[in-house]
Each structure stands twice: as structure tokens, then as C-alpha cells.
$ cat model_4.cif   # mmCIF, C-alpha atoms
data_upload
#
loop_
_atom_site.group_PDB
_atom_site.id
_atom_site.type_symbol
_atom_site.label_atom_id
_atom_site.label_comp_id
_atom_site.auth_asym_id
_atom_site.auth_seq_id
_atom_site.Cartn_x
_atom_site.Cartn_y
_atom_site.Cartn_z
ATOM 1 C CA ASN A 1 80.719 34.286 -11.850
ATOM 2 C CA ALA A 2 81.029 36.676 -8.896
ATOM 3 C CA GLY A 3 78.609 39.295 -10.307
ATOM 4 C CA VAL A 4 78.228 42.052 -7.716
ATOM 5 C CA THR A 5 80.217 41.714 -4.507
ATOM 6 C CA GLN A 6 79.668 43.845 -1.423
ATOM 7 C CA THR A 7 81.942 44.176 1.566
ATOM 8 C CA PRO A 8 81.521 44.019 4.485
ATOM 9 C CA LYS A 9 78.429 41.851 5.043
ATOM 10 C CA PHE A 10 77.756 43.201 8.526
ATOM 11 C CA ARG A 11 78.894 46.240 10.464
ATOM 12 C CA VAL A 12 78.032 47.907 13.748
ATOM 13 C CA LEU A 13 78.914 51.573 14.207
ATOM 14 C CA LYS A 14 78.535 54.041 16.998
ATOM 15 C CA THR A 15 76.853 57.356 16.289
ATOM 16 C CA GLY A 16 79.319 59.749 14.706
ATOM 17 C CA GLN A 17 81.695 57.125 13.353
ATOM 18 C CA SER A 18 82.475 56.866 9.665
ATOM 19 C CA MET A 19 82.789 53.953 7.306
ATOM 20 C CA THR A 20 82.957 53.009 3.648
ATOM 21 C CA LEU A 21 81.016 50.263 1.927
ATOM 22 C CA LEU A 22 82.649 48.727 -1.112
ATOM 23 C CA CYS A 23 80.898 47.385 -4.172
ATOM 24 C CA ALA A 24 82.648 45.593 -7.008
ATOM 25 C CA GLN A 25 81.166 44.230 -10.231
ATOM 26 C CA ASP A 26 82.811 42.067 -12.857
ATOM 27 C CA MET A 27 80.205 42.390 -15.630
ATOM 28 C CA ASN A 28 81.691 45.515 -17.236
ATOM 29 C CA HIS A 29 78.480 47.407 -16.472
ATOM 30 C CA GLU A 30 78.369 51.160 -17.016
ATOM 31 C CA TYR A 31 75.758 51.940 -14.384
ATOM 32 C CA MET A 32 76.007 51.319 -10.667
ATOM 33 C CA TYR A 33 73.653 52.118 -7.797
ATOM 34 C CA TRP A 34 73.329 52.183 -4.042
ATOM 35 C CA TYR A 35 69.951 51.444 -2.467
ATOM 36 C CA ARG A 36 68.868 51.119 1.120
ATOM 37 C CA GLN A 37 66.166 48.709 2.238
ATOM 38 C CA ASP A 38 64.050 49.348 5.299
ATOM 39 C CA PRO A 39 61.030 47.337 6.528
ATOM 40 C CA GLY A 40 57.854 48.432 4.782
ATOM 41 C CA MET A 41 59.721 50.969 2.652
ATOM 42 C CA GLY A 42 60.963 48.855 -0.216
ATOM 43 C CA LEU A 43 64.232 49.944 -1.781
ATOM 44 C CA ARG A 44 65.157 53.589 -2.009
ATOM 45 C CA LEU A 45 67.881 54.945 -4.269
ATOM 46 C CA ILE A 46 70.701 56.746 -2.461
ATOM 47 C CA HIS A 47 73.175 57.560 -5.218
ATOM 48 C CA TYR A 48 74.005 56.241 -8.629
ATOM 49 C CA SER A 49 76.696 56.433 -11.287
ATOM 50 C CA VAL A 50 76.401 56.291 -15.058
ATOM 51 C CA GLY A 51 80.091 55.875 -15.669
ATOM 52 C CA GLU A 52 83.576 56.048 -14.257
ATOM 53 C CA GLY A 53 84.169 59.378 -12.568
ATOM 54 C CA THR A 54 80.483 60.373 -12.471
ATOM 55 C CA THR A 55 77.967 60.241 -9.625
ATOM 56 C CA ALA A 56 74.481 61.603 -9.021
ATOM 57 C CA LYS A 57 71.987 61.871 -6.176
ATOM 58 C CA GLY A 58 69.016 59.599 -5.820
ATOM 59 C CA GLU A 59 65.960 59.902 -3.581
ATOM 60 C CA VAL A 60 67.686 59.803 -0.188
ATOM 61 C CA PRO A 61 71.267 61.093 -0.565
ATOM 62 C CA ASP A 62 71.629 63.079 2.675
ATOM 63 C CA GLY A 63 74.368 61.797 4.960
ATOM 64 C CA TYR A 64 76.043 59.724 2.251
ATOM 65 C CA ASN A 65 78.796 60.290 -0.282
ATOM 66 C CA VAL A 66 79.948 58.106 -3.153
ATOM 67 C CA SER A 67 82.853 57.732 -5.502
ATOM 68 C CA ARG A 68 83.469 55.805 -8.701
ATOM 69 C CA LEU A 69 87.147 56.073 -9.459
ATOM 70 C CA LYS A 70 87.207 52.782 -11.353
ATOM 71 C CA LYS A 71 84.474 51.404 -13.566
ATOM 72 C CA GLN A 72 84.158 48.208 -11.579
ATOM 73 C CA ASN A 73 83.956 49.804 -8.118
ATOM 74 C CA PHE A 74 81.381 52.011 -6.430
ATOM 75 C CA LEU A 75 82.022 53.176 -2.869
ATOM 76 C CA LEU A 76 79.424 54.445 -0.409
ATOM 77 C CA GLY A 77 80.643 56.530 2.504
ATOM 78 C CA LEU A 78 79.014 57.567 5.739
ATOM 79 C CA GLU A 79 80.939 60.501 7.217
ATOM 80 C CA SER A 80 79.107 60.684 10.543
ATOM 81 C CA ALA A 81 76.772 57.761 11.110
ATOM 82 C CA ALA A 82 73.348 58.302 12.665
ATOM 83 C CA PRO A 83 70.855 55.739 14.029
ATOM 84 C CA SER A 84 68.533 56.626 11.125
ATOM 85 C CA GLN A 85 71.117 55.078 8.821
ATOM 86 C CA THR A 86 70.579 51.649 10.339
ATOM 87 C CA SER A 87 69.507 49.676 7.286
ATOM 88 C CA VAL A 88 70.437 47.043 4.758
ATOM 89 C CA TYR A 89 72.424 48.524 1.888
ATOM 90 C CA PHE A 90 72.373 47.024 -1.569
ATOM 91 C CA CYS A 91 74.628 47.751 -4.457
ATOM 92 C CA ALA A 92 73.501 47.004 -8.002
ATOM 93 C CA SER A 93 74.815 47.377 -11.513
ATOM 94 C CA SER A 94 73.290 47.372 -14.967
ATOM 95 C CA GLY A 95 74.037 47.840 -18.602
ATOM 96 C CA VAL A 96 72.980 50.883 -20.575
ATOM 97 C CA GLY A 97 69.281 51.320 -21.373
ATOM 98 C CA GLN A 98 66.017 51.447 -19.472
ATOM 99 C CA ASN A 99 65.292 47.817 -20.264
ATOM 100 C CA SER A 100 68.534 46.619 -18.664
ATOM 101 C CA PRO A 101 67.808 44.793 -15.419
ATOM 102 C CA LEU A 102 69.709 45.531 -12.243
ATOM 103 C CA HIS A 103 72.028 42.914 -10.797
ATOM 104 C CA PHE A 104 72.258 43.051 -7.030
ATOM 105 C CA GLY A 105 74.833 42.173 -4.429
ATOM 106 C CA ASN A 106 73.887 40.320 -1.255
ATOM 107 C CA GLY A 107 73.745 43.430 0.874
ATOM 108 C CA THR A 108 75.459 44.973 3.883
ATOM 109 C CA ARG A 109 73.566 45.027 7.153
ATOM 110 C CA LEU A 110 74.538 48.174 9.067
ATOM 111 C CA THR A 111 73.520 48.953 12.613
ATOM 112 C CA VAL A 112 74.238 52.352 14.132
ATOM 113 C CA THR A 113 73.923 52.557 17.907
ATOM 114 C CA ALA B 1 57.506 60.345 -12.029
ATOM 115 C CA GLN B 2 57.261 56.627 -12.500
ATOM 116 C CA SER B 3 56.046 54.607 -9.511
ATOM 117 C CA VAL B 4 54.571 51.247 -8.621
ATOM 118 C CA THR B 5 52.101 50.198 -5.945
ATOM 119 C CA GLN B 6 52.015 46.656 -4.653
ATOM 120 C CA LEU B 7 48.672 45.681 -3.179
ATOM 121 C CA GLY B 8 49.057 43.587 -0.068
ATOM 122 C CA SER B 9 52.199 43.574 2.011
ATOM 123 C CA HIS B 10 51.602 39.934 2.956
ATOM 124 C CA VAL B 11 50.014 37.160 0.914
ATOM 125 C CA SER B 12 49.467 33.625 2.167
ATOM 126 C CA VAL B 13 48.662 30.659 -0.089
ATOM 127 C CA SER B 14 48.540 26.926 0.341
ATOM 128 C CA GLU B 15 51.062 24.744 -1.392
ATOM 129 C CA GLY B 16 49.700 23.915 -4.847
ATOM 130 C CA ALA B 17 47.393 26.942 -4.967
ATOM 131 C CA LEU B 18 47.507 29.825 -7.414
ATOM 132 C CA VAL B 19 49.879 32.661 -6.569
ATOM 133 C CA LEU B 20 48.729 36.172 -7.498
ATOM 134 C CA LEU B 21 50.784 39.202 -6.493
ATOM 135 C CA ARG B 22 49.426 42.544 -7.586
ATOM 136 C CA CYS B 23 51.314 45.513 -8.977
ATOM 137 C CA ASN B 24 49.957 48.722 -10.471
ATOM 138 C CA TYR B 25 52.175 51.302 -12.085
ATOM 139 C CA SER B 26 52.048 54.993 -12.786
ATOM 140 C CA SER B 27 53.992 56.285 -15.741
ATOM 141 C CA SER B 28 53.751 59.149 -18.180
ATOM 142 C CA VAL B 29 55.686 57.204 -20.793
ATOM 143 C CA PRO B 30 55.595 53.560 -21.875
ATOM 144 C CA PRO B 31 57.080 51.762 -18.906
ATOM 145 C CA TYR B 32 59.625 49.034 -18.537
ATOM 146 C CA LEU B 33 58.463 46.784 -15.702
ATOM 147 C CA PHE B 34 60.262 44.199 -13.614
ATOM 148 C CA TRP B 35 59.587 41.655 -10.909
ATOM 149 C CA TYR B 36 62.311 40.673 -8.483
ATOM 150 C CA VAL B 37 62.421 38.054 -5.736
ATOM 151 C CA GLN B 38 64.400 38.275 -2.514
ATOM 152 C CA TYR B 39 65.104 35.234 -0.371
ATOM 153 C CA PRO B 40 66.103 35.748 3.256
ATOM 154 C CA ASN B 41 69.497 37.384 3.733
ATOM 155 C CA GLN B 42 70.097 37.617 0.015
ATOM 156 C CA GLY B 43 70.026 40.258 -2.683
ATOM 157 C CA LEU B 44 67.280 40.673 -5.257
ATOM 158 C CA GLN B 45 67.093 38.345 -8.240
ATOM 159 C CA LEU B 46 65.317 39.140 -11.478
ATOM 160 C CA LEU B 47 62.212 37.029 -12.078
ATOM 161 C CA LEU B 48 61.053 38.606 -15.307
ATOM 162 C CA LYS B 49 60.794 41.872 -17.203
ATOM 163 C CA TYR B 50 58.485 43.570 -19.650
ATOM 164 C CA THR B 51 59.977 45.893 -22.209
ATOM 165 C CA THR B 52 57.988 45.891 -25.444
ATOM 166 C CA GLY B 53 56.167 43.335 -27.548
ATOM 167 C CA ALA B 54 54.311 40.399 -26.026
ATOM 168 C CA THR B 55 52.290 41.453 -23.014
ATOM 169 C CA LEU B 56 52.481 38.054 -21.318
ATOM 170 C CA VAL B 57 55.986 37.612 -19.991
ATOM 171 C CA LYS B 58 57.367 34.328 -18.723
ATOM 172 C CA GLY B 59 60.053 34.260 -16.095
ATOM 173 C CA ILE B 60 62.037 31.833 -14.041
ATOM 174 C CA ASN B 61 60.642 29.264 -11.604
ATOM 175 C CA GLY B 62 57.279 29.070 -13.396
ATOM 176 C CA PHE B 63 56.273 32.686 -12.796
ATOM 177 C CA GLU B 64 54.669 34.899 -15.386
ATOM 178 C CA ALA B 65 53.216 38.398 -15.528
ATOM 179 C CA GLU B 66 50.842 40.158 -17.853
ATOM 180 C CA PHE B 67 51.192 43.812 -18.833
ATOM 181 C CA LYS B 68 47.756 45.431 -19.074
ATOM 182 C CA LYS B 69 47.983 49.000 -20.232
ATOM 183 C CA SER B 70 44.249 49.667 -19.815
ATOM 184 C CA GLU B 71 44.477 48.670 -16.148
ATOM 185 C CA THR B 72 48.022 49.996 -15.581
ATOM 186 C CA SER B 73 48.810 46.642 -14.029
ATOM 187 C CA PHE B 74 51.592 44.093 -14.101
ATOM 188 C CA HIS B 75 50.436 41.295 -11.807
ATOM 189 C CA LEU B 76 52.660 38.301 -11.098
ATOM 190 C CA THR B 77 51.185 34.796 -11.156
ATOM 191 C CA LYS B 78 52.194 31.181 -10.741
ATOM 192 C CA PRO B 79 49.687 28.357 -11.239
ATOM 193 C CA SER B 80 50.868 26.189 -8.370
ATOM 194 C CA ALA B 81 52.773 27.446 -5.341
ATOM 195 C CA HIS B 82 55.743 25.558 -3.980
ATOM 196 C CA MET B 83 57.194 25.860 -0.505
ATOM 197 C CA SER B 84 60.381 27.219 -2.033
ATOM 198 C CA ASP B 85 58.438 30.223 -3.422
ATOM 199 C CA ALA B 86 58.205 31.739 0.043
ATOM 200 C CA ALA B 87 60.102 35.031 -0.266
ATOM 201 C CA GLU B 88 59.711 38.792 -0.679
ATOM 202 C CA TYR B 89 58.639 39.966 -4.119
ATOM 203 C CA PHE B 90 59.232 43.417 -5.532
ATOM 204 C CA CYS B 91 57.695 45.096 -8.531
ATOM 205 C CA ALA B 92 59.773 47.841 -10.157
ATOM 206 C CA VAL B 93 59.482 50.388 -12.961
ATOM 207 C CA SER B 94 62.196 52.149 -14.922
ATOM 208 C CA ARG B 95 62.767 55.764 -13.985
ATOM 209 C CA ASP B 96 62.088 58.453 -16.550
ATOM 210 C CA SER B 97 65.699 59.568 -16.224
ATOM 211 C CA GLY B 98 66.735 56.328 -17.900
ATOM 212 C CA TYR B 99 68.767 55.215 -14.914
ATOM 213 C CA ALA B 100 67.835 52.958 -12.005
ATOM 214 C CA LEU B 101 64.465 51.536 -11.026
ATOM 215 C CA ASN B 102 61.718 52.649 -8.666
ATOM 216 C CA PHE B 103 60.612 49.779 -6.454
ATOM 217 C CA GLY B 104 57.361 48.980 -4.759
ATOM 218 C CA LYS B 105 57.299 48.295 -1.035
ATOM 219 C CA GLY B 106 57.287 44.558 -1.533
ATOM 220 C CA THR B 107 54.930 41.657 -0.891
ATOM 221 C CA SER B 108 55.917 38.861 1.431
ATOM 222 C CA LEU B 109 54.651 35.515 0.164
ATOM 223 C CA LEU B 110 53.986 32.775 2.701
ATOM 224 C CA VAL B 111 53.324 29.246 1.455
ATOM 225 C CA THR B 112 51.641 26.889 3.898
ATOM 226 C CA PRO B 113 51.610 23.087 3.677
#
$ encode --input "model_4.cif" --output "C-alpha cells"
Amino acid sequence: NAGVTQTPKFRVLKTGQSMTLLCAQDMNHEYMYWYRQDPGMGLRLIHYSVGEGTTAKGEVPDGYNVSRLKKQNFLLGLESAAPSQTSVYFCASSGVGQNSPLHFGNGTRLTVT
Amino acid sequence: AQSVTQLGSHVSVSEGALVLLRCNYSSSVPPYLFWYVQYPNQGLQLLLKYTTGATLVKGINGFEAEFKKSETSFHLTKPSAHMSDAAEYFCAVSRDSGYALNFGKGTSLLVTP
């Protein structure tokens, strides 16, 4: 019963460095998402995917890239990290349909110095 | 575009008292509405959801919410607060694209002895 698993849990980067966050789900969900959570801002959608091989931009996509080469995995990349990308990143997945709830991972806390 | 507004970023109640967390939505189409709870250093967990049908929705841990179309509200209630209810609560609405959810900014619930 793993659900949605995110790695790593914590990461510290220097400005300009790159990294990839990995999300894996074992529920055979079609849809996957990346959100960022900042104090007082709630959760904001970065990118999402409605199926293997497809991705789309959310509200705050700048500075991030994603890939979904396998149905169960959704990767979030930061090519050149900036302090403004210090945040907690959550991956989620869901079935098809607007009434399908999102299932969340436990988050990755990223600090960019 | 669909959005939700949570009234009150912080709510404090005494143990045993009524919990009322407010959420108002904006939607041009019939909305699907959700409440999530987030405990410290964890991801978001689904409390309950409204799709269609009965307007009073019961969720986990004794929480319930009532969909009121005339008031565009979906407030979350619990008759008697428990110390373990202390957490961050998020209201969310389905996006008109059919994918992902738009979240409110969250309400932090404090339960005092």
C-alpha cells in the first residue's frame, strides 16, 4: 500500500544547480500532478500529466520541466535552481474524471541557497 | 475559472467545541468540491468530497460538510473537536479543464485543552 512515493524527502541546492524529483505511484492512475506549497499560498499547480508521454503546464511552470516516460512515474526537473524555488513540492495522482480525488505523496522539502 | 476562498487562515477552538471551517467557491459550472487535511510534515489526505446528490457529505474522523449552492459555500464542521484534529485544512474545487484541483490557501486549526 505504498500509494504515491516521492524521493528525496529533503534537498539543499545552491543557486544554479540542477536536480530531479521523482514521483512514483502504484495505483495505476492516469493523471499525475506536481504542486508546490508555500506559506500562505496554498498549493499551486506546476505541471500535470493526463497519461504516459503527455505533459502540460499548470499555474506556475516557469523554471521547471517534467517528463512522464512511464505511467507510474512523473519526474520534476529544475535546470537552474533559484532561491524563489525554495518550497515544499508535492506529487499527486488521480483516476480519470473531475470527481476523482487526488492522492498525495509526503512531499519534498527543497531549499535553494 | 474555478476557485475557492477559505475564510480565516487560523482558527482556534477548545477541545470538545464545535469546529467550523469556512470555504466559499466560485464556479461557472456545477463544482466538485473537496476538503483535505494535512498533518505536520505529511502530504494531504482526503477528508470528504462533494460530487452530486446529497448536499450533506460525511467524511472521515467525524467531519462533514454541506454544499449550499445559494450561498456558494462548502463549510466543514465537526461537532466536538479533539486534540488530534489540530492540522492544516484545505478546501479545493475541480478545475474546468477536468484535470487537477484548485486549492484554497488553507486554514490552520488549533485545538486547546
$ residues_around --input "model_4.cif" --residues "range 47-52 of chain B" --least-positions-apart "2" --cutoff "9 Å" --atoms "only C-alpha atoms" --output "PyMOL selection string"
(chain A and resi 98-99+101) or (chain B and resi 30-37+45+54-61+63-67+74)
$ closest_atom_pairs --input "model_4.cif" --of "chain B" --to "chain A" --cutoff "7 Å" --atoms "all atoms listed in the file" --output "Markdown table"
| residue | atom | partner | partner_atom | distance |
| --- | --- | --- | --- | --- |
| B:Tyr32 | CA | A:Asn99 | CA | 6.0 |
| B:Gln42 | CA | A:Asn106 | CA | 4.8 |
| B:Gly43 | CA | A:Asn106 | CA | 4.1 |
| B:Leu44 | CA | A:Phe104 | CA | 5.8 |
| B:Thr51 | CA | A:Asn99 | CA | 6.0 |
| B:Ser94 | CA | A:Gln98 | CA | 6.0 |
| B:Gly98 | CA | A:Gln98 | CA | 5.2 |
| B:Tyr99 | CA | A:Gln98 | CA | 6.5 |
| B:Phe103 | CA | A:Leu43 | CA | 5.9 |
| B:Gly104 | CA | A:Gly42 | CA | 5.8 |
| B:Lys105 | CA | A:Gly42 | CA | 3.8 |
| B:Gly106 | CA | A:Gly42 | CA | 5.8 |
$ closest_residue --input "model_4.cif" --among "A:Thr113, A:Gln25, A:Thr20, A:Thr5" --to "Pro83 in chain A" --atoms "all atoms listed in the file"
A:Thr113
$ residues_around --input "model_4.cif" --residues "Gly63 in chain A" --least-positions-apart "3" --cutoff "12 Å" --atoms "all atoms listed in the file" --output "list in words"
Gly16, Ser18, Met19, Ile46, His47, Lys57, Val60, Val66, Leu76, Gly77, Leu78, Glu79, Ser80, Ala81, Ala82, Pro83, Ser84 and Gln85 of chain A
$ residues_around --input "model_4.cif" --residues "range 107-112 of chain B" --least-positions-apart "2" --cutoff "8 Å" --atoms "only C-alpha atoms" --output "PyMOL selection string"
chain B and resi 6-15+21+81-83+85-90+105
$ build_atoms --input "model_4.cif" --residues "range 25-39 of chain B" --atoms "N, CA, C and O atoms" --output "PDB file, keeping the file's coordinate frame"
ATOM      1  N   TYR B  25      51.125  50.326 -11.816  1.00  0.00           N
ATOM      2  CA  TYR B  25      52.175  51.302 -12.085  1.00  0.00           C
ATOM      3  C   TYR B  25      51.570  52.647 -12.479  1.00  0.00           C
ATOM      4  O   TYR B  25      50.411  52.746 -12.892  1.00  0.00           O
ATOM      5  N   SER B  26      52.386  53.648 -12.336  1.00  0.00           N
ATOM      6  CA  SER B  26      52.048  54.993 -12.786  1.00  0.00           C
ATOM      7  C   SER B  26      53.216  55.479 -13.621  1.00  0.00           C
ATOM      8  O   SER B  26      54.356  55.499 -13.155  1.00  0.00           O
ATOM      9  N   SER B  27      52.907  55.855 -14.860  1.00  0.00           N
ATOM     10  CA  SER B  27      53.992  56.285 -15.741  1.00  0.00           C
ATOM     11  C   SER B  27      53.441  57.182 -16.830  1.00  0.00           C
ATOM     12  O   SER B  27      52.395  56.888 -17.397  1.00  0.00           O
ATOM     13  N   SER B  28      54.167  58.225 -17.127  1.00  0.00           N
ATOM     14  CA  SER B  28      53.751  59.149 -18.180  1.00  0.00           C
ATOM     15  C   SER B  28      54.274  58.718 -19.545  1.00  0.00           C
ATOM     16  O   SER B  28      53.898  59.292 -20.558  1.00  0.00           O
ATOM     17  N   VAL B  29      55.127  57.734 -19.544  1.00  0.00           N
ATOM     18  CA  VAL B  29      55.686  57.204 -20.793  1.00  0.00           C
ATOM     19  C   VAL B  29      55.550  55.686 -20.752  1.00  0.00           C
ATOM     20  O   VAL B  29      55.333  55.114 -19.675  1.00  0.00           O
ATOM     21  N   PRO B  30      55.650  55.031 -21.903  1.00  0.00           N
ATOM     22  CA  PRO B  30      55.595  53.560 -21.875  1.00  0.00           C
ATOM     23  C   PRO B  30      56.617  53.008 -20.899  1.00  0.00           C
ATOM     24  O   PRO B  30      57.807  53.303 -21.013  1.00  0.00           O
ATOM     25  N   PRO B  31      56.162  52.204 -19.955  1.00  0.00           N
ATOM     26  CA  PRO B  31      57.080  51.762 -18.906  1.00  0.00           C
ATOM     27  C   PRO B  31      57.831  50.483 -19.252  1.00  0.00           C
ATOM     28  O   PRO B  31      57.379  49.688 -20.060  1.00  0.00           O
ATOM     29  N   TYR B  32      58.976  50.325 -18.604  1.00  0.00           N
ATOM     30  CA  TYR B  32      59.625  49.034 -18.537  1.00  0.00           C
ATOM     31  C   TYR B  32      59.385  48.525 -17.118  1.00  0.00           C
ATOM     32  O   TYR B  32      59.663  49.236 -16.154  1.00  0.00           O
ATOM     33  N   LEU B  33      58.890  47.304 -16.999  1.00  0.00           N
ATOM     34  CA  LEU B  33      58.463  46.784 -15.702  1.00  0.00           C
ATOM     35  C   LEU B  33      59.211  45.505 -15.365  1.00  0.00           C
ATOM     36  O   LEU B  33      59.517  44.695 -16.243  1.00  0.00           O
ATOM     37  N   PHE B  34      59.457  45.321 -14.084  1.00  0.00           N
ATOM     38  CA  PHE B  34      60.262  44.199 -13.614  1.00  0.00           C
ATOM     39  C   PHE B  34      59.633  43.601 -12.356  1.00  0.00           C
ATOM     40  O   PHE B  34      58.996  44.295 -11.579  1.00  0.00           O
ATOM     41  N   TRP B  35      59.846  42.316 -12.182  1.00  0.00           N
ATOM     42  CA  TRP B  35      59.587  41.655 -10.909  1.00  0.00           C
ATOM     43  C   TRP B  35      60.888  41.027 -10.431  1.00  0.00           C
ATOM     44  O   TRP B  35      61.583  40.351 -11.198  1.00  0.00           O
ATOM     45  N   TYR B  36      61.151  41.257  -9.129  1.00  0.00           N
ATOM     46  CA  TYR B  36      62.311  40.673  -8.483  1.00  0.00           C
ATOM     47  C   TYR B  36      61.855  39.835  -7.290  1.00  0.00           C
ATOM     48  O   TYR B  36      60.813  40.109  -6.686  1.00  0.00           O
ATOM     49  N   VAL B  37      62.669  38.860  -6.929  1.00  0.00           N
ATOM     50  CA  VAL B  37      62.421  38.054  -5.736  1.00  0.00           C
ATOM     51  C   VAL B  37      63.633  38.160  -4.809  1.00  0.00           C
ATOM     52  O   VAL B  37      64.779  38.243  -5.276  1.00  0.00           O
ATOM     53  N   GLN B  38      63.337  38.210  -3.513  1.00  0.00           N
ATOM     54  CA  GLN B  38      64.400  38.275  -2.514  1.00  0.00           C
ATOM     55  C   GLN B  38      64.182  37.180  -1.482  1.00  0.00           C
ATOM     56  O   GLN B  38      63.186  37.191  -0.761  1.00  0.00           O
ATOM     57  N   TYR B  39      65.126  36.252  -1.416  1.00  0.00           N
ATOM     58  CA  TYR B  39      65.104  35.234  -0.371  1.00  0.00           C
ATOM     59  C   TYR B  39      65.809  35.773   0.857  1.00  0.00           C
ATOM     60  O   TYR B  39      66.628  36.699   0.753  1.00  0.00           O
TER      61      TYR B  39
END
